[in-house]
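Comments concern the structure below.
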Amino acid sequence: MKVGFVQNCPEFGNIQANLDRMEKMLTGKVAELFVLPELFSTGYQFKNMDEAHQYAEPIPDGLTTNFLISQAKKINTYIIAGLVEVDKEHVYNSSVIVGPNGFIGRYRKIHLFDNEKVCFHAGSEAPSVFDLNGIKVGVMICFDWRFPEMARSMALKGAEIIAHPSN
């Protein structure tokens with residue numbers, strides 16, 4: 001599997017400008033999977049949960065997930081990317097997994113770092129392994145890497161690649 005990693009410098013809180021910039025960055029690039037950073041569409045440093053909630057979107061029906069699906073279809077690829085997710089009253093630091101056929105899944109960051117604990121709720125589901133065109137791909141986010149059981153649990157589920165969006 002040819003994997004591309006895209007690093008951006010998001011303008012904090014300007015989701016549409018960040019999506020437009022990402023579209024330009026992906027145009028003309030070829031890979032079977034692109035991994036974008038943690039919170040690529042909003043920027044990272046939230047002050048508190050209220051501020052994070054202002055930029056949070058539902059998955060899979062939010063602006064950013066729909067943008068990523070359209071890009072995956074347009075360039076016939078899979079994309080894993082980080083965004084702020086809202087689900088009822090909970091706000092998560094999540095990664096979404098999409099492909100040419102649409103939404104595949106999501107992962108909610110379990111191990112929150114430092115001030116993230118005042119901005120996000122911790123995910124409670126063990127990380128899944130997703131089948132991306134016959135390749136088993138696991139997902140973790142940033143600080144999760146410090147906990148070896150994360151990678152181990154995905155390896156035991158057959159992960160051949162572990163995508164690791166980070167900021």
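Ordering of the structure tokens sets the chain letters (A, B, ...), residue numbers begin anew at 1 in every chain, and ligands are numbered from 1 in the order given.
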Notebook entry, point to check: Excluding same-chain residues fewer than 6 positions from segment 71-81 of chain A, what lies within 7 Å of it counting only C-alpha atoms, as an NGL selection string?
Noted result: :A and (31-38 or 95-101 or 165)
Selection above as a file: all heavy atoms, as a compact mmCIF listing (two decimals), in the first residue's frame:
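And here is the file that came out, again_27.txt:
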# COMPACT_ATOMS: atom_id res chain seq x y z
N ALA A 31 -1.83 8.25 -3.81
CA ALA A 31 -1.52 7.25 -2.80
C ALA A 31 -2.80 6.46 -2.56
O ALA A 31 -3.90 6.94 -2.84
CB ALA A 31 -1.04 7.90 -1.50
N GLU A 32 -2.66 5.27 -2.03
CA GLU A 32 -3.83 4.47 -1.71
C GLU A 32 -4.44 4.90 -0.38
O GLU A 32 -5.62 4.67 -0.13
CB GLU A 32 -3.46 2.99 -1.65
CG GLU A 32 -3.03 2.45 -3.01
CD GLU A 32 -2.32 1.14 -2.89
OE1 GLU A 32 -3.01 0.10 -2.83
OE2 GLU A 32 -1.07 1.15 -2.83
N LEU A 33 -3.62 5.52 0.48
CA LEU A 33 -4.07 6.01 1.77
C LEU A 33 -3.33 7.30 2.08
O LEU A 33 -2.11 7.37 1.93
CB LEU A 33 -3.77 4.98 2.87
CG LEU A 33 -3.91 5.43 4.33
CD1 LEU A 33 -5.35 5.82 4.66
CD2 LEU A 33 -3.40 4.35 5.29
N PHE A 34 -4.08 8.32 2.50
CA PHE A 34 -3.47 9.56 3.00
C PHE A 34 -3.80 9.68 4.48
O PHE A 34 -4.95 9.48 4.89
CB PHE A 34 -4.04 10.79 2.27
CG PHE A 34 -3.47 10.97 0.89
CD1 PHE A 34 -4.20 10.58 -0.23
CD2 PHE A 34 -2.21 11.52 0.70
CE1 PHE A 34 -3.69 10.74 -1.50
CE2 PHE A 34 -1.68 11.67 -0.57
CZ PHE A 34 -2.42 11.28 -1.68
N VAL A 35 -2.79 10.03 5.27
CA VAL A 35 -2.98 10.27 6.70
C VAL A 35 -2.75 11.76 6.94
O VAL A 35 -1.67 12.28 6.65
CB VAL A 35 -2.02 9.42 7.56
CG1 VAL A 35 -2.24 9.69 9.04
CG2 VAL A 35 -2.21 7.93 7.25
N LEU A 36 -3.78 12.42 7.45
CA LEU A 36 -3.73 13.84 7.76
C LEU A 36 -3.55 14.00 9.27
O LEU A 36 -3.83 13.07 10.03
CB LEU A 36 -5.02 14.53 7.31
CG LEU A 36 -5.16 14.87 5.81
CD1 LEU A 36 -4.94 13.70 4.91
CD2 LEU A 36 -6.52 15.48 5.55
N PRO A 37 -3.14 15.18 9.73
CA PRO A 37 -2.87 15.36 11.16
C PRO A 37 -4.10 15.31 12.07
O PRO A 37 -5.24 15.44 11.63
CB PRO A 37 -2.24 16.76 11.22
CG PRO A 37 -1.74 17.03 9.86
CD PRO A 37 -2.70 16.33 8.94
N GLU A 38 -3.81 15.20 13.33
CA GLU A 38 -4.78 15.36 14.41
C GLU A 38 -5.34 16.78 14.32
O GLU A 38 -4.59 17.75 14.20
CB GLU A 38 -4.04 15.14 15.74
CG GLU A 38 -4.82 15.43 16.98
CD GLU A 38 -3.94 15.30 18.23
OE1 GLU A 38 -2.71 15.48 18.16
OE2 GLU A 38 -4.52 15.02 19.28
N SER A 95 -10.52 10.61 15.02
CA SER A 95 -10.06 10.42 13.64
C SER A 95 -11.17 9.74 12.87
O SER A 95 -11.83 8.83 13.39
CB SER A 95 -8.80 9.56 13.57
OG SER A 95 -7.67 10.32 13.90
N VAL A 96 -11.35 10.18 11.66
CA VAL A 96 -12.36 9.59 10.78
C VAL A 96 -11.63 8.81 9.68
O VAL A 96 -10.53 9.20 9.26
CB VAL A 96 -13.29 10.68 10.21
CG1 VAL A 96 -12.56 11.64 9.31
CG2 VAL A 96 -14.48 10.08 9.49
N ILE A 97 -12.23 7.72 9.28
CA ILE A 97 -11.68 6.87 8.22
C ILE A 97 -12.71 6.85 7.10
O ILE A 97 -13.86 6.46 7.32
CB ILE A 97 -11.40 5.43 8.73
CG1 ILE A 97 -10.40 5.45 9.91
CG2 ILE A 97 -10.87 4.56 7.60
CD1 ILE A 97 -11.02 5.60 11.25
N VAL A 98 -12.30 7.32 5.91
CA VAL A 98 -13.20 7.37 4.76
C VAL A 98 -12.50 6.79 3.55
O VAL A 98 -11.27 6.66 3.52
CB VAL A 98 -13.68 8.82 4.46
CG1 VAL A 98 -14.41 9.41 5.66
CG2 VAL A 98 -12.52 9.70 4.03
N GLY A 99 -13.29 6.47 2.53
CA GLY A 99 -12.73 5.94 1.30
C GLY A 99 -13.57 6.33 0.11
O GLY A 99 -14.54 7.08 0.25
N PRO A 100 -13.23 5.80 -1.05
CA PRO A 100 -13.95 6.16 -2.27
C PRO A 100 -15.44 5.81 -2.22
O PRO A 100 -16.24 6.39 -2.95
CB PRO A 100 -13.26 5.37 -3.37
CG PRO A 100 -12.08 4.73 -2.77
CD PRO A 100 -12.16 4.87 -1.29
N ASN A 101 -15.82 4.89 -1.33
CA ASN A 101 -17.22 4.51 -1.20
C ASN A 101 -17.90 5.17 0.01
O ASN A 101 -19.01 4.80 0.37
CB ASN A 101 -17.36 2.99 -1.12
CG ASN A 101 -16.93 2.34 -2.42
OD1 ASN A 101 -17.20 2.85 -3.50
ND2 ASN A 101 -16.24 1.22 -2.32
N PRO A 165 -2.37 9.84 13.30
CA PRO A 165 -2.48 11.29 13.19
C PRO A 165 -2.02 11.96 14.49
O PRO A 165 -2.37 11.52 15.58
CB PRO A 165 -3.98 11.54 12.97
CG PRO A 165 -4.48 10.26 12.40
CD PRO A 165 -3.65 9.18 13.05
Segment 51-166 of chain A residues near segment 7-27 of chain A within 9 Å, closest pair each, using only C-alpha atoms, as JSON lines:
{"residue": "A:Tyr55", "atom": "CA", "partner": "A:Gly13", "partner_atom": "CA", "distance": 7.0}
{"residue": "A:Leu63", "atom": "CA", "partner": "A:Gln16", "partner_atom": "CA", "distance": 8.9}
{"residue": "A:Thr64", "atom": "CA", "partner": "A:Leu19", "partner_atom": "CA", "distance": 7.5}
{"residue": "A:Phe67", "atom": "CA", "partner": "A:Leu19", "partner_atom": "CA", "distance": 7.5}
{"residue": "A:Leu68", "atom": "CA", "partner": "A:Leu19", "partner_atom": "CA", "distance": 8.8}
{"residue": "A:Gln71", "atom": "CA", "partner": "A:Glu23", "partner_atom": "CA", "distance": 7.3}
{"residue": "A:Ile75", "atom": "CA", "partner": "A:Thr27", "partner_atom": "CA", "distance": 7.9}
Grab the residues selected above and save them as a short mmCIF file (atom, residue, chain, number, x, y, z; two decimals), in the first residue's frame with all heavy atoms.
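Resulting contents of selection.cif:
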data_model
loop_
_atom_site.label_atom_id
_atom_site.label_comp_id
_atom_site.auth_asym_id
_atom_site.auth_seq_id
_atom_site.Cartn_x
_atom_site.Cartn_y
_atom_site.Cartn_z
N TYR A 55 -16.38 24.22 17.66
CA TYR A 55 -15.84 23.75 16.38
C TYR A 55 -16.14 22.27 16.12
O TYR A 55 -15.74 21.73 15.09
CB TYR A 55 -14.33 23.98 16.35
CG TYR A 55 -13.98 25.44 16.48
CD1 TYR A 55 -13.53 25.96 17.68
CD2 TYR A 55 -14.13 26.30 15.40
CE1 TYR A 55 -13.22 27.31 17.80
CE2 TYR A 55 -13.83 27.64 15.51
CZ TYR A 55 -13.37 28.14 16.71
OH TYR A 55 -13.08 29.47 16.83
N LEU A 63 -19.45 18.67 8.26
CA LEU A 63 -18.78 19.33 7.14
C LEU A 63 -17.44 18.67 6.81
O LEU A 63 -17.17 18.35 5.65
CB LEU A 63 -18.55 20.81 7.48
CG LEU A 63 -17.71 21.63 6.49
CD1 LEU A 63 -18.47 21.81 5.18
CD2 LEU A 63 -17.34 22.97 7.10
N THR A 64 -16.60 18.45 7.82
CA THR A 64 -15.26 17.92 7.56
C THR A 64 -15.31 16.49 7.04
O THR A 64 -14.61 16.14 6.08
CB THR A 64 -14.39 18.02 8.82
OG1 THR A 64 -14.30 19.41 9.20
CG2 THR A 64 -13.00 17.48 8.60
N PHE A 67 -16.42 16.59 3.48
CA PHE A 67 -15.31 17.06 2.66
C PHE A 67 -14.33 15.92 2.37
O PHE A 67 -13.91 15.71 1.24
CB PHE A 67 -14.58 18.22 3.35
CG PHE A 67 -13.22 18.49 2.78
CD1 PHE A 67 -13.07 19.22 1.61
CD2 PHE A 67 -12.09 18.00 3.42
CE1 PHE A 67 -11.81 19.45 1.09
CE2 PHE A 67 -10.82 18.23 2.89
CZ PHE A 67 -10.68 18.96 1.72
N LEU A 68 -13.95 15.19 3.43
CA LEU A 68 -13.00 14.10 3.26
C LEU A 68 -13.55 13.00 2.36
O LEU A 68 -12.82 12.45 1.52
CB LEU A 68 -12.61 13.53 4.63
CG LEU A 68 -11.81 14.49 5.52
CD1 LEU A 68 -11.75 13.96 6.95
CD2 LEU A 68 -10.42 14.73 4.96
N GLN A 71 -13.23 14.20 -1.19
CA GLN A 71 -11.84 14.11 -1.66
C GLN A 71 -11.44 12.66 -1.94
O GLN A 71 -10.77 12.38 -2.93
CB GLN A 71 -10.88 14.71 -0.61
CG GLN A 71 -11.01 16.21 -0.46
CD GLN A 71 -10.77 16.93 -1.77
OE1 GLN A 71 -9.71 16.86 -2.36
NE2 GLN A 71 -11.80 17.61 -2.25
N ILE A 75 -10.21 11.53 -5.72
CA ILE A 75 -8.88 11.02 -6.06
C ILE A 75 -8.73 9.51 -5.83
O ILE A 75 -7.63 8.98 -5.89
CB ILE A 75 -7.76 11.81 -5.34
CG1 ILE A 75 -7.89 11.73 -3.82
CG2 ILE A 75 -7.73 13.24 -5.80
CD1 ILE A 75 -6.78 12.44 -3.06
#
Checklist line | From A:Asn167, A:Asn115, A:Ser94, A:Gln45, residue lying nearest Met140 of chain A [only C-alpha atoms] | finding: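 Closest residue, counting only C-alpha atoms: A:Ser94.
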Margin query: Please return, as a PyMOL selection string, all residues of segment 6-159 of chain A that DSSP assigns to strand (DSSP E or B) on the basis of the backbone.
Written below: chain A and resi 33-35+57+78-87+90-99+102-108+129-132+135-139
Notebook entry, point to check: Could you name the residues that touch Val86 of chain A at 10 Å or less, counting only C-alpha atoms, but leaving out those on the same chain fewer than 2 positions away, as a list in words?
Noted result: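 Residues near the query, excluding close chain neighbours: Ala52, His53, Gln54, Tyr55, Ala56, Glu57, Pro58, Ile59, Gly62, Leu83, Val84, Lys88, Glu89, His90, Val91, Tyr92, Asn93, Ser94, Phe120 and His121 of chain A.
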Check: Could you pull out all residues of segment 102-159 of chain A with a DSSP call of helix (DSSP H, G or I) and give them as a count of residues only?
Finding: 19
Check: Of the residues A:Ile161, A:Ile110, A:Val6, A:Ala151, which is the one nearest to Ile135 of chain A, using only C-alpha atoms?
Finding: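 Using only C-alpha atoms, the shortest distance to Ile135 of chain A belongs to A:Ile161.
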Next item on the list: May I have the residues within 9 Å of Met154 of chain A as a list in words, using only C-alpha atoms and disregarding those fewer than 6 positions away in the same chain?
Entry: Ala126, Pro127, Ser128, Val129, Val137, Gly138, Val139, Glu160 and Ile162 of chain A
Next, dump the selected residues to file, keeping only N, CA and C atoms, as an mmCIF file, in the first residue's frame.
data_model
loop_
_atom_site.group_PDB
_atom_site.id
_atom_site.type_symbol
_atom_site.label_atom_id
_atom_site.label_comp_id
_atom_site.auth_asym_id
_atom_site.auth_seq_id
_atom_site.Cartn_x
_atom_site.Cartn_y
_atom_site.Cartn_z
ATOM 1 N N ALA A 126 -12.184 0.354 22.471
ATOM 2 C CA ALA A 126 -10.879 -0.125 22.013
ATOM 3 C C ALA A 126 -10.714 0.215 20.534
ATOM 4 N N PRO A 127 -9.499 0.513 20.124
ATOM 5 C CA PRO A 127 -9.302 0.863 18.713
ATOM 6 C C PRO A 127 -9.643 -0.302 17.794
ATOM 7 N N SER A 128 -10.301 0.042 16.711
ATOM 8 C CA SER A 128 -10.685 -0.954 15.711
ATOM 9 C C SER A 128 -9.605 -1.079 14.649
ATOM 10 N N VAL A 129 -9.707 -2.128 13.881
ATOM 11 C CA VAL A 129 -8.868 -2.318 12.704
ATOM 12 C C VAL A 129 -9.804 -2.320 11.506
ATOM 13 N N VAL A 137 -5.815 -1.816 8.684
ATOM 14 C CA VAL A 137 -5.238 -0.573 9.187
ATOM 15 C C VAL A 137 -5.866 -0.210 10.530
ATOM 16 N N GLY A 138 -5.029 -0.015 11.532
ATOM 17 C CA GLY A 138 -5.464 0.460 12.835
ATOM 18 C C GLY A 138 -5.211 1.954 12.943
ATOM 19 N N VAL A 139 -5.864 2.593 13.908
ATOM 20 C CA VAL A 139 -5.728 4.039 14.087
ATOM 21 C C VAL A 139 -5.548 4.358 15.566
ATOM 22 N N GLU A 160 -1.899 -4.398 9.848
ATOM 23 C CA GLU A 160 -0.640 -4.418 9.099
ATOM 24 C C GLU A 160 -0.008 -3.032 9.065
ATOM 25 N N ILE A 162 -0.451 0.885 11.186
ATOM 26 C CA ILE A 162 -1.103 1.684 12.215
ATOM 27 C C ILE A 162 -0.926 3.145 11.822
#
